[in-house]
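Coordinates as given in query35.pdb (PDB, C-alpha atoms):
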```pdb
ATOM      1  CA  MET F 243     -24.544  -3.234  13.193
ATOM      2  CA  THR F 244     -24.801  -3.428   9.421
ATOM      3  CA  ASP F 245     -22.644  -1.279   7.167
ATOM      4  CA  GLU F 246     -25.700   0.885   6.441
ATOM      5  CA  GLN F 247     -26.263   1.448  10.163
ATOM      6  CA  LEU F 248     -22.580   2.228  10.676
ATOM      7  CA  VAL F 249     -22.625   4.775   7.849
ATOM      8  CA  ALA F 250     -25.819   6.392   9.131
ATOM      9  CA  GLY F 251     -24.382   6.634  12.649
ATOM     10  CA  CYS F 252     -21.091   8.062  11.403
ATOM     11  CA  LEU F 253     -22.972  10.651   9.358
ATOM     12  CA  ARG F 254     -24.642  11.736  12.620
ATOM     13  CA  HIS F 255     -21.156  11.864  14.222
ATOM     14  CA  ASP F 256     -22.276   9.196  16.708
ATOM     15  CA  PRO F 257     -19.146   8.096  18.629
ATOM     16  CA  ILE F 258     -20.616   4.623  19.243
ATOM     17  CA  ALA F 259     -21.076   4.066  15.495
ATOM     18  CA  GLN F 260     -17.597   5.471  14.801
ATOM     19  CA  GLN F 261     -16.054   3.117  17.363
ATOM     20  CA  ALA F 262     -18.000   0.169  15.913
ATOM     21  CA  LEU F 263     -16.871   1.013  12.378
ATOM     22  CA  TYR F 264     -13.284   1.254  13.584
ATOM     23  CA  GLN F 265     -13.524  -2.113  15.357
ATOM     24  CA  VAL F 266     -14.989  -3.798  12.280
ATOM     25  CA  TYR F 267     -12.426  -2.454   9.801
ATOM     26  CA  ALA F 268      -9.262  -1.490  11.708
ATOM     27  CA  ARG F 269      -7.497  -4.854  11.486
ATOM     28  CA  LYS F 270      -7.919  -5.185   7.719
ATOM     29  CA  MET F 271      -7.026  -1.536   7.158
ATOM     30  CA  MET F 272      -3.922  -1.909   9.320
ATOM     31  CA  SER F 273      -2.702  -4.651   6.998
ATOM     32  CA  ILE F 274      -3.094  -2.248   4.066
ATOM     33  CA  CYS F 275      -1.248   0.498   5.958
ATOM     34  CA  MET F 276       1.553  -1.933   6.867
ATOM     35  CA  ARG F 277       2.191  -2.595   3.169
ATOM     36  CA  TYR F 278       2.876   1.091   2.550
ATOM     37  CA  ALA F 279       4.659   1.929   5.801
ATOM     38  CA  SER F 280       8.246   1.327   6.793
ATOM     39  CA  GLY F 281       7.157   0.051  10.204
ATOM     40  CA  ARG F 282       4.302  -0.400  12.645
ATOM     41  CA  ASP F 283       4.482   3.139  14.068
ATOM     42  CA  GLN F 284       4.193   4.721  10.637
ATOM     43  CA  ALA F 285       1.371   2.296   9.720
ATOM     44  CA  GLN F 286      -0.522   3.270  12.873
ATOM     45  CA  ASP F 287      -0.138   6.950  11.953
ATOM     46  CA  ILE F 288      -1.515   6.249   8.474
ATOM     47  CA  LEU F 289      -4.363   4.206   9.978
ATOM     48  CA  GLN F 290      -5.292   6.989  12.377
ATOM     49  CA  ASP F 291      -5.116   9.670   9.676
ATOM     50  CA  GLY F 292      -7.097   7.418   7.363
ATOM     51  CA  PHE F 293      -9.920   6.891   9.832
ATOM     52  CA  VAL F 294     -10.072  10.626  10.519
ATOM     53  CA  LYS F 295     -10.587  11.102   6.772
ATOM     54  CA  VAL F 296     -13.174   8.311   6.685
ATOM     55  CA  PHE F 297     -15.194   9.991   9.424
ATOM     56  CA  GLN F 298     -14.800  13.462   7.894
ATOM     57  CA  LYS F 299     -15.737  12.327   4.392
ATOM     58  CA  MET F 300     -18.376   9.725   5.162
ATOM     59  CA  ASP F 301     -20.832  11.827   3.170
ATOM     60  CA  HIS F 302     -18.748  10.976   0.058
ATOM     61  CA  TYR F 303     -19.583   7.274   0.397
ATOM     62  CA  ARG F 304     -22.396   6.663  -2.069
ATOM     63  CA  GLY F 305     -23.155   3.047  -1.203
ATOM     64  CA  GLU F 306     -21.901   1.949  -4.615
ATOM     65  CA  GLY F 307     -19.767  -1.049  -3.735
ATOM     66  CA  PRO F 308     -18.737  -2.361  -0.357
ATOM     67  CA  LEU F 309     -17.991   0.040   2.484
ATOM     68  CA  GLY F 310     -14.751  -1.833   3.176
ATOM     69  CA  GLY F 311     -13.541  -1.142  -0.351
ATOM     70  CA  TRP F 312     -14.224   2.574   0.025
ATOM     71  CA  ILE F 313     -12.393   2.633   3.359
ATOM     72  CA  ALA F 314      -9.478   0.686   1.836
ATOM     73  CA  ARG F 315      -9.151   3.241  -0.983
ATOM     74  CA  THR F 316      -9.154   5.990   1.638
ATOM     75  CA  MET F 317      -6.314   4.217   3.491
ATOM     76  CA  VAL F 318      -4.277   3.797   0.298
ATOM     77  CA  ASN F 319      -4.813   7.470  -0.566
ATOM     78  CA  THR F 320      -3.808   8.482   2.962
ATOM     79  CA  ALA F 321      -0.620   6.419   2.663
ATOM     80  CA  LEU F 322       0.102   8.017  -0.718
ATOM     81  CA  ASP F 323      -0.463  11.486   0.758
ATOM     82  CA  GLN F 324       2.139  10.768   3.415
ATOM     83  CA  ILE F 325       4.562   9.346   0.862
ATOM     84  CA  ARG F 326       4.132  12.407  -1.357
ATOM     85  CA  ARG F 327       4.896  14.613   1.653
ATOM     86  CA  ASP F 328       8.047  12.595   2.289
ATOM     87  CA  LYS F 329       9.026  12.835  -1.433
ATOM     88  CA  PRO F 330      10.838   9.490  -1.864
ATOM     89  CA  TYR F 331      11.055  10.014  -5.632
ATOM     90  CA  ALA F 332      13.376  12.990  -5.525
ATOM     91  CA  HIS F 333      16.339  10.839  -6.553
ATOM     92  CA  SER F 334      14.584   8.341  -8.838
ATOM     93  CA  LEU F 335      16.331   7.174 -11.974
ATOM     94  CA  ASP F 336      14.737   6.746 -15.356
ATOM     95  CA  LEU F 337      13.785   3.287 -16.631
ATOM     96  CA  THR F 338      16.760   3.196 -18.987
ATOM     97  CA  ASP F 339      19.100   3.356 -15.987
ATOM     98  CA  ALA F 340      17.550   0.212 -14.520
ATOM     99  CA  GLU F 341      17.237  -2.050 -17.563
ATOM    100  CA  HIS F 342      19.952  -4.376 -16.247
ATOM    101  CA  LEU F 343      17.784  -5.458 -13.310
ATOM    102  CA  HIS F 344      16.186  -8.909 -13.451
ATOM    103  CA  ALA F 345      12.793 -10.130 -12.251
ATOM    104  CA  VAL F 346      12.187 -11.912  -8.954
ATOM    105  CA  ASP F 347      11.319 -15.592  -9.283
ATOM    106  CA  GLU F 348       7.556 -15.576  -8.740
ATOM    107  CA  GLU F 349       7.617 -19.158  -7.412
ATOM    108  CA  VAL F 350       9.940 -18.154  -4.574
ATOM    109  CA  LEU F 351       7.635 -15.330  -3.478
ATOM    110  CA  ALA F 352       4.549 -17.539  -3.838
ATOM    111  CA  ALA F 353       6.077 -20.102  -1.457
ATOM    112  CA  MET F 354       6.576 -17.543   1.320
ATOM    113  CA  SER F 355       4.092 -16.848   4.098
ATOM    114  CA  ALA F 356       2.091 -13.615   4.176
ATOM    115  CA  ASP F 357       4.115 -12.396   7.178
ATOM    116  CA  GLU F 358       7.406 -13.103   5.382
ATOM    117  CA  LEU F 359       6.200 -11.240   2.291
ATOM    118  CA  LEU F 360       4.998  -8.289   4.380
ATOM    119  CA  ALA F 361       8.388  -8.091   6.097
ATOM    120  CA  LEU F 362      10.129  -8.077   2.705
ATOM    121  CA  ILE F 363       7.803  -5.400   1.340
ATOM    122  CA  GLN F 364       8.324  -3.245   4.440
ATOM    123  CA  ALA F 365      12.087  -3.511   3.963
ATOM    124  CA  LEU F 366      11.824  -1.835   0.557
ATOM    125  CA  PRO F 367      12.703   1.857   0.319
ATOM    126  CA  ALA F 368       9.550   4.003   0.353
ATOM    127  CA  GLY F 369       9.503   4.753  -3.382
ATOM    128  CA  TYR F 370       9.983   1.128  -4.376
ATOM    129  CA  ARG F 371       7.436  -0.053  -1.791
ATOM    130  CA  THR F 372       4.780   2.387  -2.940
ATOM    131  CA  VAL F 373       5.017   1.526  -6.619
ATOM    132  CA  PHE F 374       5.310  -2.198  -5.868
ATOM    133  CA  ASN F 375       2.121  -2.082  -3.779
ATOM    134  CA  LEU F 376       0.184  -0.024  -6.291
ATOM    135  CA  PHE F 377       1.220  -2.126  -9.291
ATOM    136  CA  ALA F 378       1.636  -5.680  -7.989
ATOM    137  CA  ILE F 379      -0.944  -5.701  -5.196
ATOM    138  CA  GLU F 380      -3.512  -2.998  -5.963
ATOM    139  CA  GLY F 381      -3.378  -3.633  -9.738
ATOM    140  CA  TYR F 382      -2.936  -0.060 -10.984
ATOM    141  CA  SER F 383      -1.214   0.562 -14.329
ATOM    142  CA  HIS F 384       2.084   2.442 -14.458
ATOM    143  CA  LYS F 385       0.253   5.316 -16.145
ATOM    144  CA  ASP F 386      -2.250   5.495 -13.260
ATOM    145  CA  ILE F 387       0.562   5.257 -10.706
ATOM    146  CA  ALA F 388       2.450   8.060 -12.450
ATOM    147  CA  ASP F 389      -0.654  10.259 -12.325
ATOM    148  CA  MET F 390      -1.316   9.465  -8.644
ATOM    149  CA  LEU F 391       2.248  10.131  -7.528
ATOM    150  CA  GLY F 392       3.143  12.972  -9.869
ATOM    151  CA  ILE F 393       6.010  11.044 -11.475
ATOM    152  CA  SER F 394       6.679   9.862 -15.022
ATOM    153  CA  GLU F 395       5.423   6.512 -16.252
ATOM    154  CA  ASN F 396       9.053   5.461 -16.808
ATOM    155  CA  THR F 397       9.874   6.329 -13.205
ATOM    156  CA  SER F 398       7.008   4.115 -12.063
ATOM    157  CA  LYS F 399       8.301   1.248 -14.199
ATOM    158  CA  SER F 400      11.827   1.841 -12.952
ATOM    159  CA  GLN F 401      10.741   1.879  -9.306
ATOM    160  CA  PHE F 402       8.838  -1.382  -9.820
ATOM    161  CA  MET F 403      11.806  -3.084 -11.492
ATOM    162  CA  LYS F 404      14.109  -1.878  -8.731
ATOM    163  CA  ALA F 405      11.652  -3.098  -6.089
ATOM    164  CA  ARG F 406      11.661  -6.559  -7.627
ATOM    165  CA  ALA F 407      15.460  -6.614  -7.803
ATOM    166  CA  TYR F 408      15.676  -5.380  -4.224
ATOM    167  CA  LEU F 409      13.250  -8.080  -3.085
ATOM    168  CA  ARG F 410      15.459 -10.655  -4.777
ATOM    169  CA  LYS F 411      18.407  -9.448  -2.714
ATOM    170  CA  LEU F 412      16.325  -9.659   0.471
ATOM    171  CA  LEU F 413      15.219 -13.254  -0.076
ATOM    172  CA  PRO F 414      16.529 -15.619   2.591
ATOM    173  CA  LYS F 415      19.927 -16.976   1.543
ATOM    174  CA  GLY F 416      18.860 -20.612   1.394
ATOM    175  CA  THR F 417      15.825 -19.723  -0.701
ATOM    176  CA  ALA F 418      17.833 -17.652  -3.143
ATOM    177  CA  GLU F 419      20.551 -20.315  -3.527
ATOM    178  CA  MET F 420      17.995 -23.087  -3.902
ATOM    179  CA  HIS F 421      16.515 -21.240  -6.874
ATOM    180  CA  GLY F 422      19.830 -20.335  -8.486
ATOM    181  CA  TYR F 423      20.207 -16.720  -7.356
TER
END
```

Rendering of file as structure tokens:
Amino acid sequence: MTDEQLVAGCLRHDPIAQQALYQVYARKMMSICMRYASGRDQAQDILQDGFVKVFQKMDHYRGEGPLGGWIARTMVNTALDQIRRDKPYAHSLDLTDAEHLHAVDEEVLAAMSADELLALIQALPAGYRTVFNLFAIEGYSHKDIADMLGISENTSKSQFMKARAYLRKLLPKGTAEMHGY
């Protein structure tokens, strides 16, 4: 089925089209959910909630841009909804409290496999992980992140800096020593 056929079937609430859409996009969407979740169970919950939203709001898809991109945005928004419910920013510090933190060596992260990077990202506390994903992977500005999460721009910057410092601590010992950490 083409994306247009999948959309048309989902708009008719056709379970065969819904199952086909899920089969086409679930694997990619699960990888997005895994970046925001603390583990596979939480990612599966986000994925399930996300697809429920996709099916409920299929009439919002205007065909402007790829269907996969629209579904991906829905998954990210679903993950952010869950994170907002969990309120990981309640004890965030301002940027000025985190100025002493240093950046992660980009070459070290670039040399790691996708699975190794995903494991490191999942090990981040929820607040750090969310901002890291939105800024470093999704490409949102700190102002946009602040608006999405209901936090200050400085808190977004602080969470990102802390995420990078935390990732540095999580790097495998040999890797960190080899690069002078």

12 Å contact set for F:Ile379, only C-alpha atoms, chain neighbours under 2 positions out, as a PDB file with C-alpha atoms, in the coordinates of the input:
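For reference, part-v9.pdb as written:
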```pdb
ATOM      1  CA  ILE F 274      -3.094  -2.248   4.066  1.00  0.00           C
ATOM      2  CA  ARG F 277       2.191  -2.595   3.169  1.00  0.00           C
ATOM      3  CA  TYR F 278       2.876   1.091   2.550  1.00  0.00           C
ATOM      4  CA  VAL F 318      -4.277   3.797   0.298  1.00  0.00           C
ATOM      5  CA  LEU F 359       6.200 -11.240   2.291  1.00  0.00           C
ATOM      6  CA  LEU F 360       4.998  -8.289   4.380  1.00  0.00           C
ATOM      7  CA  ILE F 363       7.803  -5.400   1.340  1.00  0.00           C
ATOM      8  CA  ARG F 371       7.436  -0.053  -1.791  1.00  0.00           C
ATOM      9  CA  THR F 372       4.780   2.387  -2.940  1.00  0.00           C
ATOM     10  CA  VAL F 373       5.017   1.526  -6.619  1.00  0.00           C
ATOM     11  CA  PHE F 374       5.310  -2.198  -5.868  1.00  0.00           C
ATOM     12  CA  ASN F 375       2.121  -2.082  -3.779  1.00  0.00           C
ATOM     13  CA  LEU F 376       0.184  -0.024  -6.291  1.00  0.00           C
ATOM     14  CA  PHE F 377       1.220  -2.126  -9.291  1.00  0.00           C
ATOM     15  CA  GLY F 381      -3.378  -3.633  -9.738  1.00  0.00           C
ATOM     16  CA  TYR F 382      -2.936  -0.060 -10.984  1.00  0.00           C
ATOM     17  CA  SER F 383      -1.214   0.562 -14.329  1.00  0.00           C
ATOM     18  CA  PHE F 402       8.838  -1.382  -9.820  1.00  0.00           C
TER      19      PHE F 402
END
```

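Computed from the coordinates, the atom CA of F:Ile288 to atom CA of F:Ala314 distance equals 11.8 Å.
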
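Our summary of the geometry notes that atom CA of F:Thr316 is positioned 15.2 Å from atom CA of F:Leu391.
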
(message) Which residues would end up in the selection if the PyMOL selection byres ((chain F and resi 275) around 9) were applied here, given that I need the answer as an MDAnalysis selection string?
(response) chainID F and resid 270:274 276:279 282 284:289 317:318 320:321

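One distance worth recording is that between atom CA of F:Pro308 and atom CA of F:Asp357, which is 26.1 Å.
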
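Restricting the calculation to all atoms listed in the file, the smallest distance between F:Gly392 and any of F:Leu322, F:Ala405, F:Ala259, F:Ala378 is found for F:Leu322.
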
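Among the candidates F:Ile387, F:Met300, F:Leu309, F:Leu253, the residue lying nearest to F:Lys399 is F:Ile387 (atoms considered: only C-alpha atoms).
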
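Picked out by the PyMOL selection byres ((chain F and resi 250) around 12) when it runs on this file: F:Met243, F:Thr244, F:Asp245, F:Glu246, F:Gln247, F:Leu248, F:Val249, F:Gly251, F:Cys252, F:Leu253, F:Arg254, F:His255, F:Asp256, F:Pro257, F:Ile258, F:Ala259, F:Gln260, F:Leu263, F:Phe297, F:Met300, F:Asp301, F:Tyr303, F:Arg304, F:Gly305.
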